[in-house]
file run.pdb (PDB, C-alpha atoms, pLDDT in the B column)
ATOM      1  CA  MET A 435      37.524   4.411  22.082  1.00 92.00           C
ATOM      2  CA  LYS A 436      41.216   4.474  21.160  1.00 92.00           C
ATOM      3  CA  ASP A 437      41.131   0.743  20.375  1.00 94.00           C
ATOM      4  CA  ILE A 438      38.014   1.177  18.230  1.00 94.00           C
ATOM      5  CA  VAL A 439      39.398   4.114  16.271  1.00 94.00           C
ATOM      6  CA  GLY A 440      42.746   2.364  15.894  1.00 94.00           C
ATOM      7  CA  ALA A 441      41.086  -0.724  14.443  1.00 93.00           C
ATOM      8  CA  VAL A 442      39.050   1.355  11.987  1.00 92.00           C
ATOM      9  CA  LEU A 443      42.014   3.408  10.833  1.00 92.00           C
ATOM     10  CA  SER A 444      44.242   0.352  10.464  1.00 92.00           C
ATOM     11  CA  GLY A 445      42.327  -0.573   7.333  1.00 88.00           C
ATOM     12  CA  ASP A 446      42.773  -4.292   7.869  1.00 91.00           C
ATOM     13  CA  ALA A 447      40.454  -5.073  10.791  1.00 93.00           C
ATOM     14  CA  THR A 448      38.102  -7.945  10.000  1.00 95.00           C
ATOM     15  CA  SER A 449      34.485  -8.237  11.075  1.00 96.00           C
ATOM     16  CA  ALA A 450      35.614 -10.650  13.784  1.00 96.00           C
ATOM     17  CA  ASP A 451      38.239  -8.155  14.967  1.00 95.00           C
ATOM     18  CA  VAL A 452      35.624  -5.403  15.323  1.00 96.00           C
ATOM     19  CA  ALA A 453      33.147  -7.760  16.983  1.00 95.00           C
ATOM     20  CA  GLY A 454      35.854  -8.616  19.505  1.00 96.00           C
ATOM     21  CA  LEU A 455      36.445  -5.005  20.544  1.00 96.00           C
ATOM     22  CA  ALA A 456      35.021  -4.059  23.918  1.00 96.00           C
ATOM     23  CA  ILE A 457      32.199  -1.503  23.834  1.00 97.00           C
ATOM     24  CA  PRO A 458      32.945   1.188  26.411  1.00 97.00           C
ATOM     25  CA  GLU A 459      30.383   1.926  29.087  1.00 97.00           C
ATOM     26  CA  SER A 460      30.481   5.624  28.168  1.00 97.00           C
ATOM     27  CA  CYS A 461      31.612   7.898  25.361  1.00 98.00           C
ATOM     28  CA  ARG A 462      31.865  11.581  24.550  1.00 98.00           C
ATOM     29  CA  ALA A 463      28.907  13.287  22.913  1.00 98.00           C
ATOM     30  CA  VAL A 464      27.591  16.740  22.113  1.00 98.00           C
ATOM     31  CA  VAL A 465      24.536  17.235  24.291  1.00 98.00           C
ATOM     32  CA  LEU A 466      21.870  19.714  25.223  1.00 98.00           C
ATOM     33  CA  ARG A 467      20.841  19.738  28.872  1.00 98.00           C
ATOM     34  CA  LYS A 468      17.190  19.808  29.812  1.00 98.00           C
ATOM     35  CA  GLU A 469      17.924  22.063  32.780  1.00 98.00           C
ATOM     36  CA  GLU A 470      19.081  24.781  30.346  1.00 98.00           C
ATOM     37  CA  VAL A 471      15.945  24.965  28.181  1.00 97.00           C
ATOM     38  CA  GLY A 472      15.268  28.505  29.439  1.00 97.00           C
ATOM     39  CA  LEU A 473      18.814  29.700  28.730  1.00 97.00           C
ATOM     40  CA  PHE A 474      17.830  32.058  25.903  1.00 98.00           C
ATOM     41  CA  GLU A 475      14.411  33.204  27.096  1.00 96.00           C
ATOM     42  CA  GLY A 476      13.596  36.744  25.982  1.00 96.00           C
ATOM     43  CA  MET A 477      16.413  36.884  23.422  1.00 97.00           C
ATOM     44  CA  ALA A 478      16.069  37.422  19.691  1.00 97.00           C
ATOM     45  CA  SER A 479      16.901  34.331  17.620  1.00 95.00           C
ATOM     46  CA  ALA A 480      19.978  35.987  16.102  1.00 95.00           C
ATOM     47  CA  ASP A 481      21.403  36.611  19.561  1.00 97.00           C
ATOM     48  CA  LYS A 482      21.130  33.013  20.750  1.00 97.00           C
ATOM     49  CA  ASP A 483      24.618  31.482  20.749  1.00 97.00           C
ATOM     50  CA  PRO A 484      24.711  27.666  20.339  1.00 96.00           C
ATOM     51  CA  ARG A 485      28.174  27.618  21.899  1.00 95.00           C
ATOM     52  CA  LYS A 486      26.499  28.340  25.235  1.00 97.00           C
ATOM     53  CA  SER A 487      23.990  25.480  25.073  1.00 98.00           C
ATOM     54  CA  LEU A 488      26.070  22.737  23.445  1.00 98.00           C
ATOM     55  CA  HIS A 489      28.266  20.694  25.765  1.00 98.00           C
ATOM     56  CA  VAL A 490      30.734  17.867  25.220  1.00 98.00           C
ATOM     57  CA  ASP A 491      29.874  15.418  28.005  1.00 98.00           C
ATOM     58  CA  GLU A 492      30.740  11.848  28.895  1.00 98.00           C
ATOM     59  CA  VAL A 493      27.484   9.883  28.594  1.00 98.00           C
ATOM     60  CA  PRO A 494      26.507   6.210  28.923  1.00 98.00           C
ATOM     61  CA  VAL A 495      26.508   4.177  25.718  1.00 98.00           C
ATOM     62  CA  PRO A 496      22.823   3.314  25.137  1.00 96.00           C
ATOM     63  CA  GLU A 497      21.453  -0.193  25.419  1.00 93.00           C
ATOM     64  CA  LEU A 498      21.097  -1.912  22.045  1.00 96.00           C
ATOM     65  CA  GLY A 499      17.576  -2.994  21.120  1.00 96.00           C
ATOM     66  CA  PRO A 500      16.005  -5.146  18.389  1.00 96.00           C
ATOM     67  CA  GLY A 501      16.534  -3.851  14.871  1.00 95.00           C
ATOM     68  CA  GLU A 502      19.200  -1.392  15.998  1.00 97.00           C
ATOM     69  CA  ALA A 503      22.936  -0.894  15.568  1.00 98.00           C
ATOM     70  CA  LEU A 504      25.698   0.811  17.502  1.00 98.00           C
ATOM     71  CA  VAL A 505      28.008   2.712  15.170  1.00 98.00           C
ATOM     72  CA  ALA A 506      31.451   4.140  15.874  1.00 98.00           C
ATOM     73  CA  VAL A 507      31.172   7.645  14.441  1.00 98.00           C
ATOM     74  CA  MET A 508      34.163   8.639  12.321  1.00 97.00           C
ATOM     75  CA  ALA A 509      32.593  11.893  11.123  1.00 97.00           C
ATOM     76  CA  SER A 510      29.371  13.818  11.553  1.00 97.00           C
ATOM     77  CA  SER A 511      28.136  17.247  10.543  1.00 94.00           C
ATOM     78  CA  VAL A 512      26.183  20.258  11.711  1.00 92.00           C
ATOM     79  CA  ASN A 513      22.869  20.897   9.998  1.00 90.00           C
ATOM     80  CA  TYR A 514      19.905  23.239  10.305  1.00 91.00           C
ATOM     81  CA  ASN A 515      18.232  21.102  12.931  1.00 94.00           C
ATOM     82  CA  THR A 516      21.435  21.079  14.995  1.00 95.00           C
ATOM     83  CA  VAL A 517      21.178  24.851  15.269  1.00 95.00           C
ATOM     84  CA  TRP A 518      17.423  24.765  15.915  1.00 96.00           C
ATOM     85  CA  SER A 519      18.010  22.234  18.678  1.00 97.00           C
ATOM     86  CA  ALA A 520      20.795  24.308  20.210  1.00 98.00           C
ATOM     87  CA  ILE A 521      18.723  27.501  20.427  1.00 98.00           C
ATOM     88  CA  PHE A 522      15.596  25.598  21.532  1.00 98.00           C
ATOM     89  CA  GLU A 523      13.552  26.774  18.542  1.00 95.00           C
ATOM     90  CA  PRO A 524      10.838  26.424  17.409  1.00 94.00           C
ATOM     91  CA  LEU A 525      10.485  24.440  20.657  1.00 94.00           C
ATOM     92  CA  PRO A 526      12.889  22.480  22.868  1.00 97.00           C
ATOM     93  CA  THR A 527      13.631  19.046  21.446  1.00 98.00           C
ATOM     94  CA  PHE A 528      13.022  17.539  24.888  1.00 98.00           C
ATOM     95  CA  ALA A 529       9.303  17.744  24.038  1.00 97.00           C
ATOM     96  CA  PHE A 530       9.979  15.289  21.189  1.00 97.00           C
ATOM     97  CA  LEU A 531      11.924  12.957  23.470  1.00 98.00           C
ATOM     98  CA  GLU A 532       9.203  12.977  26.117  1.00 98.00           C
ATOM     99  CA  ARG A 533       6.547  12.113  23.542  1.00 97.00           C
ATOM    100  CA  TYR A 534       8.680   9.370  21.975  1.00 97.00           C
ATOM    101  CA  GLY A 535       9.431   7.969  25.414  1.00 97.00           C
ATOM    102  CA  ARG A 536       5.736   7.338  26.003  1.00 97.00           C
ATOM    103  CA  LEU A 537       5.440   5.109  22.916  1.00 95.00           C
ATOM    104  CA  SER A 538       6.921   1.899  24.351  1.00 95.00           C
ATOM    105  CA  GLU A 539       9.197   0.366  26.950  1.00 94.00           C
ATOM    106  CA  LEU A 540      12.046   0.458  24.429  1.00 94.00           C
ATOM    107  CA  THR A 541      11.609   4.114  23.538  1.00 96.00           C
ATOM    108  CA  LYS A 542      11.731   5.163  27.185  1.00 97.00           C
ATOM    109  CA  ARG A 543      15.527   5.113  26.747  1.00 97.00           C
ATOM    110  CA  HIS A 544      15.274   8.297  24.679  1.00 98.00           C
ATOM    111  CA  ASP A 545      13.596  10.431  27.359  1.00 98.00           C
ATOM    112  CA  LEU A 546      16.652  11.627  29.259  1.00 98.00           C
ATOM    113  CA  PRO A 547      17.770  14.892  30.918  1.00 98.00           C
ATOM    114  CA  TYR A 548      20.247  15.309  28.046  1.00 98.00           C
ATOM    115  CA  HIS A 549      19.850  15.097  24.280  1.00 98.00           C
ATOM    116  CA  ILE A 550      22.639  13.788  22.050  1.00 98.00           C
ATOM    117  CA  ILE A 551      21.943  15.645  18.829  1.00 98.00           C
ATOM    118  CA  GLY A 552      23.099  15.310  15.225  1.00 97.00           C
ATOM    119  CA  SER A 553      21.362  13.736  12.233  1.00 96.00           C
ATOM    120  CA  ASP A 554      24.360  12.727  10.117  1.00 96.00           C
ATOM    121  CA  LEU A 555      27.163  10.222  10.443  1.00 97.00           C
ATOM    122  CA  ALA A 556      29.717   8.145   8.625  1.00 98.00           C
ATOM    123  CA  GLY A 557      31.211   5.336  10.646  1.00 98.00           C
ATOM    124  CA  VAL A 558      31.645   1.646  11.336  1.00 98.00           C
ATOM    125  CA  VAL A 559      29.103  -0.815  12.712  1.00 98.00           C
ATOM    126  CA  LEU A 560      30.204  -2.101  16.127  1.00 98.00           C
ATOM    127  CA  ARG A 561      27.233  -4.226  17.188  1.00 98.00           C
ATOM    128  CA  THR A 562      23.797  -5.132  15.878  1.00 98.00           C
ATOM    129  CA  GLY A 563      20.676  -6.033  17.841  1.00 97.00           C
ATOM    130  CA  PRO A 564      18.328  -8.997  17.410  1.00 96.00           C
ATOM    131  CA  GLY A 565      16.724  -9.212  13.987  1.00 95.00           C
ATOM    132  CA  VAL A 566      19.490  -7.375  12.133  1.00 96.00           C
ATOM    133  CA  ASN A 567      20.831  -9.482   9.274  1.00 95.00           C
ATOM    134  CA  ALA A 568      21.889  -6.966   6.627  1.00 95.00           C
ATOM    135  CA  TRP A 569      24.766  -5.462   8.625  1.00 97.00           C
ATOM    136  CA  LYS A 570      27.666  -6.834  10.644  1.00 97.00           C
ATOM    137  CA  PRO A 571      30.490  -5.426  12.779  1.00 97.00           C
ATOM    138  CA  GLY A 572      33.120  -3.731  10.645  1.00 97.00           C
ATOM    139  CA  ASP A 573      30.756  -2.557   7.899  1.00 97.00           C
ATOM    140  CA  GLU A 574      31.494   1.022   6.807  1.00 97.00           C
ATOM    141  CA  VAL A 575      28.228   2.921   6.682  1.00 98.00           C
ATOM    142  CA  VAL A 576      26.430   6.231   6.492  1.00 97.00           C
ATOM    143  CA  ALA A 577      23.130   6.834   8.234  1.00 96.00           C
ATOM    144  CA  HIS A 578      20.166   8.688   6.819  1.00 91.00           C
ATOM    145  CA  CYS A 579      17.992  10.692   9.171  1.00 91.00           C
ATOM    146  CA  LEU A 580      14.605   8.986   8.982  1.00 89.00           C
ATOM    147  CA  SER A 581      13.699   6.884  12.035  1.00 91.00           C
ATOM    148  CA  VAL A 582      10.494   4.864  11.577  1.00 87.00           C
ATOM    149  CA  GLU A 583       8.647   2.197  13.546  1.00 85.00           C
ATOM    150  CA  LEU A 584       7.022   0.479  10.504  1.00 83.00           C
ATOM    151  CA  GLU A 585       4.215  -1.009  12.566  1.00 79.00           C
ATOM    152  CA  SER A 586       1.598   0.579  10.317  1.00 86.00           C
ATOM    153  CA  SER A 587       1.080  -0.680   6.769  1.00 86.00           C
ATOM    154  CA  ASP A 588       1.050   2.966   5.646  1.00 85.00           C
ATOM    155  CA  GLY A 589       4.835   3.014   5.708  1.00 81.00           C
ATOM    156  CA  HIS A 590       5.517  -0.299   4.018  1.00 81.00           C
ATOM    157  CA  ASN A 591       5.724   1.032   0.468  1.00 84.00           C
ATOM    158  CA  ASP A 592       7.087   4.459   1.387  1.00 83.00           C
ATOM    159  CA  THR A 593       8.641   4.982   4.816  1.00 81.00           C
ATOM    160  CA  MET A 594       7.945   8.719   4.513  1.00 79.00           C
ATOM    161  CA  LEU A 595       4.270   7.807   5.021  1.00 85.00           C
ATOM    162  CA  ASP A 596       4.864   5.990   8.314  1.00 83.00           C
ATOM    163  CA  PRO A 597       2.729   7.761  10.949  1.00 87.00           C
ATOM    164  CA  GLU A 598       5.518   7.174  13.482  1.00 86.00           C
ATOM    165  CA  GLN A 599       8.346   8.766  11.517  1.00 90.00           C
ATOM    166  CA  ARG A 600      10.892  10.930  13.323  1.00 93.00           C
ATOM    167  CA  ILE A 601      14.122  12.687  12.487  1.00 94.00           C
ATOM    168  CA  TRP A 602      16.937  10.809  14.212  1.00 96.00           C
ATOM    169  CA  GLY A 603      19.030  12.999  16.513  1.00 97.00           C
ATOM    170  CA  PHE A 604      16.344  15.704  16.467  1.00 97.00           C
ATOM    171  CA  GLU A 605      13.147  13.914  17.512  1.00 97.00           C
ATOM    172  CA  THR A 606      15.068  10.945  18.944  1.00 98.00           C
ATOM    173  CA  ASN A 607      18.081  10.717  21.211  1.00 98.00           C
ATOM    174  CA  PHE A 608      21.564   9.227  20.621  1.00 98.00           C
ATOM    175  CA  GLY A 609      22.332  11.185  17.452  1.00 98.00           C
ATOM    176  CA  GLY A 610      25.431  11.476  15.310  1.00 97.00           C
ATOM    177  CA  LEU A 611      27.450  14.062  17.248  1.00 98.00           C
ATOM    178  CA  ALA A 612      28.927  11.391  19.496  1.00 98.00           C
ATOM    179  CA  GLU A 613      31.725   8.840  19.505  1.00 98.00           C
ATOM    180  CA  ILE A 614      29.113   6.055  19.410  1.00 98.00           C
ATOM    181  CA  ALA A 615      25.620   6.519  17.945  1.00 98.00           C
ATOM    182  CA  LEU A 616      22.475   4.391  18.126  1.00 98.00           C
ATOM    183  CA  VAL A 617      20.514   3.983  14.882  1.00 98.00           C
ATOM    184  CA  LYS A 618      17.787   1.812  13.439  1.00 96.00           C
ATOM    185  CA  SER A 619      19.469  -0.663  11.127  1.00 95.00           C
ATOM    186  CA  ASN A 620      17.166   0.408   8.278  1.00 92.00           C
ATOM    187  CA  GLN A 621      18.780   3.871   8.419  1.00 94.00           C
ATOM    188  CA  LEU A 622      22.101   2.451   7.286  1.00 96.00           C
ATOM    189  CA  MET A 623      23.559   2.542   3.788  1.00 95.00           C
ATOM    190  CA  PRO A 624      27.030   1.538   2.568  1.00 97.00           C
ATOM    191  CA  LYS A 625      29.623   4.301   2.779  1.00 97.00           C
ATOM    192  CA  PRO A 626      30.781   5.183  -0.759  1.00 96.00           C
ATOM    193  CA  ASP A 627      34.364   3.957  -1.107  1.00 95.00           C
ATOM    194  CA  HIS A 628      35.527   7.035  -2.995  1.00 97.00           C
ATOM    195  CA  LEU A 629      34.488   9.474  -0.254  1.00 96.00           C
ATOM    196  CA  SER A 630      36.414  10.363   2.883  1.00 96.00           C
ATOM    197  CA  TRP A 631      34.691   9.968   6.237  1.00 97.00           C
ATOM    198  CA  GLU A 632      33.978  13.695   6.303  1.00 96.00           C
ATOM    199  CA  GLU A 633      32.664  13.806   2.741  1.00 96.00           C
ATOM    200  CA  ALA A 634      30.414  10.819   3.385  1.00 97.00           C
ATOM    201  CA  ALA A 635      28.975  12.360   6.567  1.00 96.00           C
ATOM    202  CA  ALA A 636      28.131  15.753   5.091  1.00 93.00           C
ATOM    203  CA  PRO A 637      25.225  15.247   2.624  1.00 89.00           C
ATOM    204  CA  GLY A 638      22.981  12.730   4.395  1.00 84.00           C
ATOM    205  CA  LEU A 639      20.363  14.914   6.046  1.00 82.00           C
ATOM    206  CA  VAL A 640      20.357  17.435   3.190  1.00 81.00           C
ATOM    207  CA  ASN A 641      19.806  14.709   0.574  1.00 79.00           C
ATOM    208  CA  SER A 642      17.207  12.958   2.705  1.00 71.00           C
TER     209      SER A 642
END
call {"tool": "encode", "arguments": {"input": "run.pdb", "output": "structure tokens"}}
result
Amino acid sequence: MKDIVGAVLSGDATSADVAGLAIPESCRAVVLRKEEVGLFEGMASADKDPRKSLHVDEVPVPELGPGEALVAVMASSVNYNTVWSAIFEPLPTFAFLERYGRLSELTKRHDLPYHIIGSDLAGVVLRTGPGVNAWKPGDEVVAHCLSVELESSDGHNDTMLDPEQRIWGFETNFGGLAEIALVKSNQLMPKPDHLSWEEAAAPGLVNS
């Protein structure tokens, strides 16, 4: 990760330079653990402390699939759904991951005993999967929170109408509170040049 961050912060790394960086086998991420779903049972919502359920763990970098991108996260943010996830309300997010995991062979990757949460990021594209043409390594991006499959025509004119829409990092795994995040390439937008990494990461989920 030091090489990746160093290349990003250098300001002069080319697309070829970023493409040539090795992707680590693992990275740090903020996770919830499935084994702790009952941690706050019987407690009032106001008494549930996210600091007890959120953990910084070393986790494997996910396999890259078609239409996806791996992004080096330079900044992320905490939003309402981060807190809901952390106190397991209104229900544990592992229920979302289990349901998504049953959709296809590719989505099985998301059904894990840990959940990397976070629905915001600003960062740099590291790798793109098959079928991705709009983005390349080195592109500075922000990610919006809507993850869609777009297999139904219902979502072709308005992705909000896709029957298989999910909130990335809440109803899917591999969210933005990690050193490397996995996103659908159609979630990506150019990072505004006039904003810092932190400023660019803050408004995404709220605006979406």
call {"tool": "closest_residue", "arguments": {"input": "run.pdb", "among": "A:Glu459, A:Glu632, A:Asp545, A:Asp588", "to": "Ala529 in chain A", "atoms": "only C-alpha atoms"}}
result
A:Asp545
call {"tool": "residues_around", "arguments": {"input": "run.pdb", "residues": "Lys468 in chain A", "least_positions_apart": "4", "cutoff": "9 Å", "atoms": "all atoms listed in the file", "output": "list of chain:residue names"}}
result
A:Gly472, A:Pro526, A:Phe528, A:Leu546, A:Pro547, A:Tyr548, A:His549
call {"tool": "closest_residue", "arguments": {"input": "run.pdb", "among": "A:His544, A:Tyr534, A:Val559, A:Pro626", "to": "Arg600 in chain A", "atoms": "all atoms listed in the file"}}
result
A:Tyr534
call {"tool": "resolve_selection", "arguments": {"input": "run.pdb", "expression": "the PyMOL selection byres ((chain A and resi 577) around 12)", "output": "mmCIF file with C-alpha atoms, in the coordinates of the input"}}
result
data_model
loop_
_atom_site.group_PDB
_atom_site.id
_atom_site.type_symbol
_atom_site.label_atom_id
_atom_site.label_comp_id
_atom_site.auth_asym_id
_atom_site.auth_seq_id
_atom_site.Cartn_x
_atom_site.Cartn_y
_atom_site.Cartn_z
ATOM 1 C CA GLU A 502 19.200 -1.392 15.998
ATOM 2 C CA ALA A 503 22.936 -0.894 15.568
ATOM 3 C CA LEU A 504 25.698 0.811 17.502
ATOM 4 C CA VAL A 505 28.008 2.712 15.170
ATOM 5 C CA ALA A 506 31.451 4.140 15.874
ATOM 6 C CA VAL A 507 31.172 7.645 14.441
ATOM 7 C CA MET A 508 34.163 8.639 12.321
ATOM 8 C CA ALA A 509 32.593 11.893 11.123
ATOM 9 C CA SER A 510 29.371 13.818 11.553
ATOM 10 C CA SER A 511 28.136 17.247 10.543
ATOM 11 C CA GLY A 552 23.099 15.310 15.225
ATOM 12 C CA SER A 553 21.362 13.736 12.233
ATOM 13 C CA ASP A 554 24.360 12.727 10.117
ATOM 14 C CA LEU A 555 27.163 10.222 10.443
ATOM 15 C CA ALA A 556 29.717 8.145 8.625
ATOM 16 C CA GLY A 557 31.211 5.336 10.646
ATOM 17 C CA VAL A 558 31.645 1.646 11.336
ATOM 18 C CA VAL A 559 29.103 -0.815 12.712
ATOM 19 C CA GLU A 574 31.494 1.022 6.807
ATOM 20 C CA VAL A 575 28.228 2.921 6.682
ATOM 21 C CA VAL A 576 26.430 6.231 6.492
ATOM 22 C CA HIS A 578 20.166 8.688 6.819
ATOM 23 C CA CYS A 579 17.992 10.692 9.171
ATOM 24 C CA LEU A 580 14.605 8.986 8.982
ATOM 25 C CA SER A 581 13.699 6.884 12.035
ATOM 26 C CA ILE A 601 14.122 12.687 12.487
ATOM 27 C CA TRP A 602 16.937 10.809 14.212
ATOM 28 C CA GLY A 603 19.030 12.999 16.513
ATOM 29 C CA GLY A 609 22.332 11.185 17.452
ATOM 30 C CA GLY A 610 25.431 11.476 15.310
ATOM 31 C CA ALA A 615 25.620 6.519 17.945
ATOM 32 C CA LEU A 616 22.475 4.391 18.126
ATOM 33 C CA VAL A 617 20.514 3.983 14.882
ATOM 34 C CA LYS A 618 17.787 1.812 13.439
ATOM 35 C CA SER A 619 19.469 -0.663 11.127
ATOM 36 C CA ASN A 620 17.166 0.408 8.278
ATOM 37 C CA GLN A 621 18.780 3.871 8.419
ATOM 38 C CA LEU A 622 22.101 2.451 7.286
ATOM 39 C CA MET A 623 23.559 2.542 3.788
ATOM 40 C CA PRO A 624 27.030 1.538 2.568
ATOM 41 C CA LYS A 625 29.623 4.301 2.779
ATOM 42 C CA PRO A 626 30.781 5.183 -0.759
ATOM 43 C CA ALA A 634 30.414 10.819 3.385
ATOM 44 C CA ALA A 635 28.975 12.360 6.567
ATOM 45 C CA ALA A 636 28.131 15.753 5.091
ATOM 46 C CA PRO A 637 25.225 15.247 2.624
ATOM 47 C CA GLY A 638 22.981 12.730 4.395
ATOM 48 C CA LEU A 639 20.363 14.914 6.046
ATOM 49 C CA ASN A 641 19.806 14.709 0.574
ATOM 50 C CA SER A 642 17.207 12.958 2.705
#
call {"tool": "closest_atom_pairs", "arguments": {"input": "run.pdb", "of": "range 449-507 of chain A", "to": "range 518-524 of chain A", "cutoff": "7 Å", "atoms": "only C-alpha atoms", "output": "JSON lines"}}
result
{"residue": "A:Leu466", "atom": "CA", "partner": "A:Ala520", "partner_atom": "CA", "distance": 6.9}
{"residue": "A:Val471", "atom": "CA", "partner": "A:Phe522", "partner_atom": "CA", "distance": 6.7}
{"residue": "A:Lys482", "atom": "CA", "partner": "A:Ile521", "partner_atom": "CA", "distance": 6.0}
{"residue": "A:Pro484", "atom": "CA", "partner": "A:Ala520", "partner_atom": "CA", "distance": 5.2}
{"residue": "A:Ser487", "atom": "CA", "partner": "A:Ala520", "partner_atom": "CA", "distance": 5.9}
{"residue": "A:Leu488", "atom": "CA", "partner": "A:Ala520", "partner_atom": "CA", "distance": 6.4}
call {"tool": "atom_distance", "arguments": {"input": "run.pdb", "atom1": "CA of Met594 in chain A", "atom2": "CA of Pro571 in chain A"}}
result
27.9 Å
call {"tool": "axis_aligned_box", "arguments": {"input": "run.pdb", "around": "range 588-593 of chain A", "padding_each_side": "4 Å", "output": "AutoDock Vina command-line options"}}
result
--center_x 4.8 --center_y 2.3 --center_z 3.1 --size_x 15.6 --size_y 13.3 --size_z 13.2
call {"tool": "residues_around", "arguments": {"input": "run.pdb", "residues": "Ala453 in chain A", "least_positions_apart": "3", "cutoff": "9 Å", "atoms": "only C-alpha atoms", "output": "list in words"}}
result
Thr448, Ser449, Ala450, Ala456, Leu560, Arg561, Lys570, Pro571 and Gly572 of chain A
call {"tool": "atom_distance", "arguments": {"input": "run.pdb", "atom1": "CA of Ser586 in chain A", "atom2": "CA of Gly535 in chain A"}}
result
18.5 Å
call {"tool": "atom_distance", "arguments": {"input": "run.pdb", "atom1": "CA of Arg533 in chain A", "atom2": "CA of Glu469 in chain A"}}
result
17.7 Å
call {"tool": "closest_residue", "arguments": {"input": "run.pdb", "among": "A:Glu583, A:Gly501, A:Arg485, A:Gly445", "to": "Ala568 in chain A", "atoms": "all atoms listed in the file"}}
result
A:Gly501
call {"tool": "closest_residue", "arguments": {"input": "run.pdb", "among": "A:Ala480, A:Val512, A:Val439, A:Leu473", "to": "Val640 in chain A", "atoms": "all atoms listed in the file"}}
result
A:Val512
call {"tool": "resolve_selection", "arguments": {"input": "run.pdb", "expression": "the PyMOL selection byres ((chain A and resi 491) around 8)", "output": "list in words"}}
result
Arg462, Ala463, Val464, Val465, His489, Val490, Glu492 and Val493 of chain A
call {"tool": "residues_around", "arguments": {"input": "run.pdb", "residues": "Ser460 in chain A", "least_positions_apart": "3", "cutoff": "9 Å", "atoms": "all atoms listed in the file", "output": "list in words"}}
result
Ile457, Glu492, Val493, Pro494, Val495, Pro496 and Ile614 of chain A
call {"tool": "closest_residue", "arguments": {"input": "run.pdb", "among": "A:Pro564, A:Asn591, A:Asp573, A:Trp631", "to": "Asp451 in chain A", "atoms": "only C-alpha atoms"}}
result
A:Asp573
call {"tool": "closest_residue", "arguments": {"input": "run.pdb", "among": "A:Val566, A:Leu498, A:Leu584, A:Leu537", "to": "Pro597 in chain A", "atoms": "all atoms listed in the file"}}
result
A:Leu584
call {"tool": "decode", "arguments": {"input": "run.pdb", "residues": "range 561-572 of chain A", "atoms": "C-alpha atoms", "output": "PDB file, in the first residue's frame"}}
result
ATOM      1  CA  ARG A 561      -7.388  -2.046 -12.070  1.00  0.00           C
ATOM      2  CA  THR A 562     -10.475  -2.560 -14.201  1.00  0.00           C
ATOM      3  CA  GLY A 563     -12.227  -5.809 -15.089  1.00  0.00           C
ATOM      4  CA  PRO A 564     -13.324  -7.104 -18.496  1.00  0.00           C
ATOM      5  CA  GLY A 565     -15.756  -4.832 -20.301  1.00  0.00           C
ATOM      6  CA  VAL A 566     -14.623  -1.615 -18.619  1.00  0.00           C
ATOM      7  CA  ASN A 567     -13.610   0.976 -21.202  1.00  0.00           C
ATOM      8  CA  ALA A 568     -14.473   4.320 -19.611  1.00  0.00           C
ATOM      9  CA  TRP A 569     -11.869   4.132 -16.835  1.00  0.00           C
ATOM     10  CA  LYS A 570      -8.181   3.276 -16.637  1.00  0.00           C
ATOM     11  CA  PRO A 571      -5.543   2.923 -13.912  1.00  0.00           C
ATOM     12  CA  GLY A 572      -4.567   6.296 -12.490  1.00  0.00           C
TER      13      GLY A 572
END
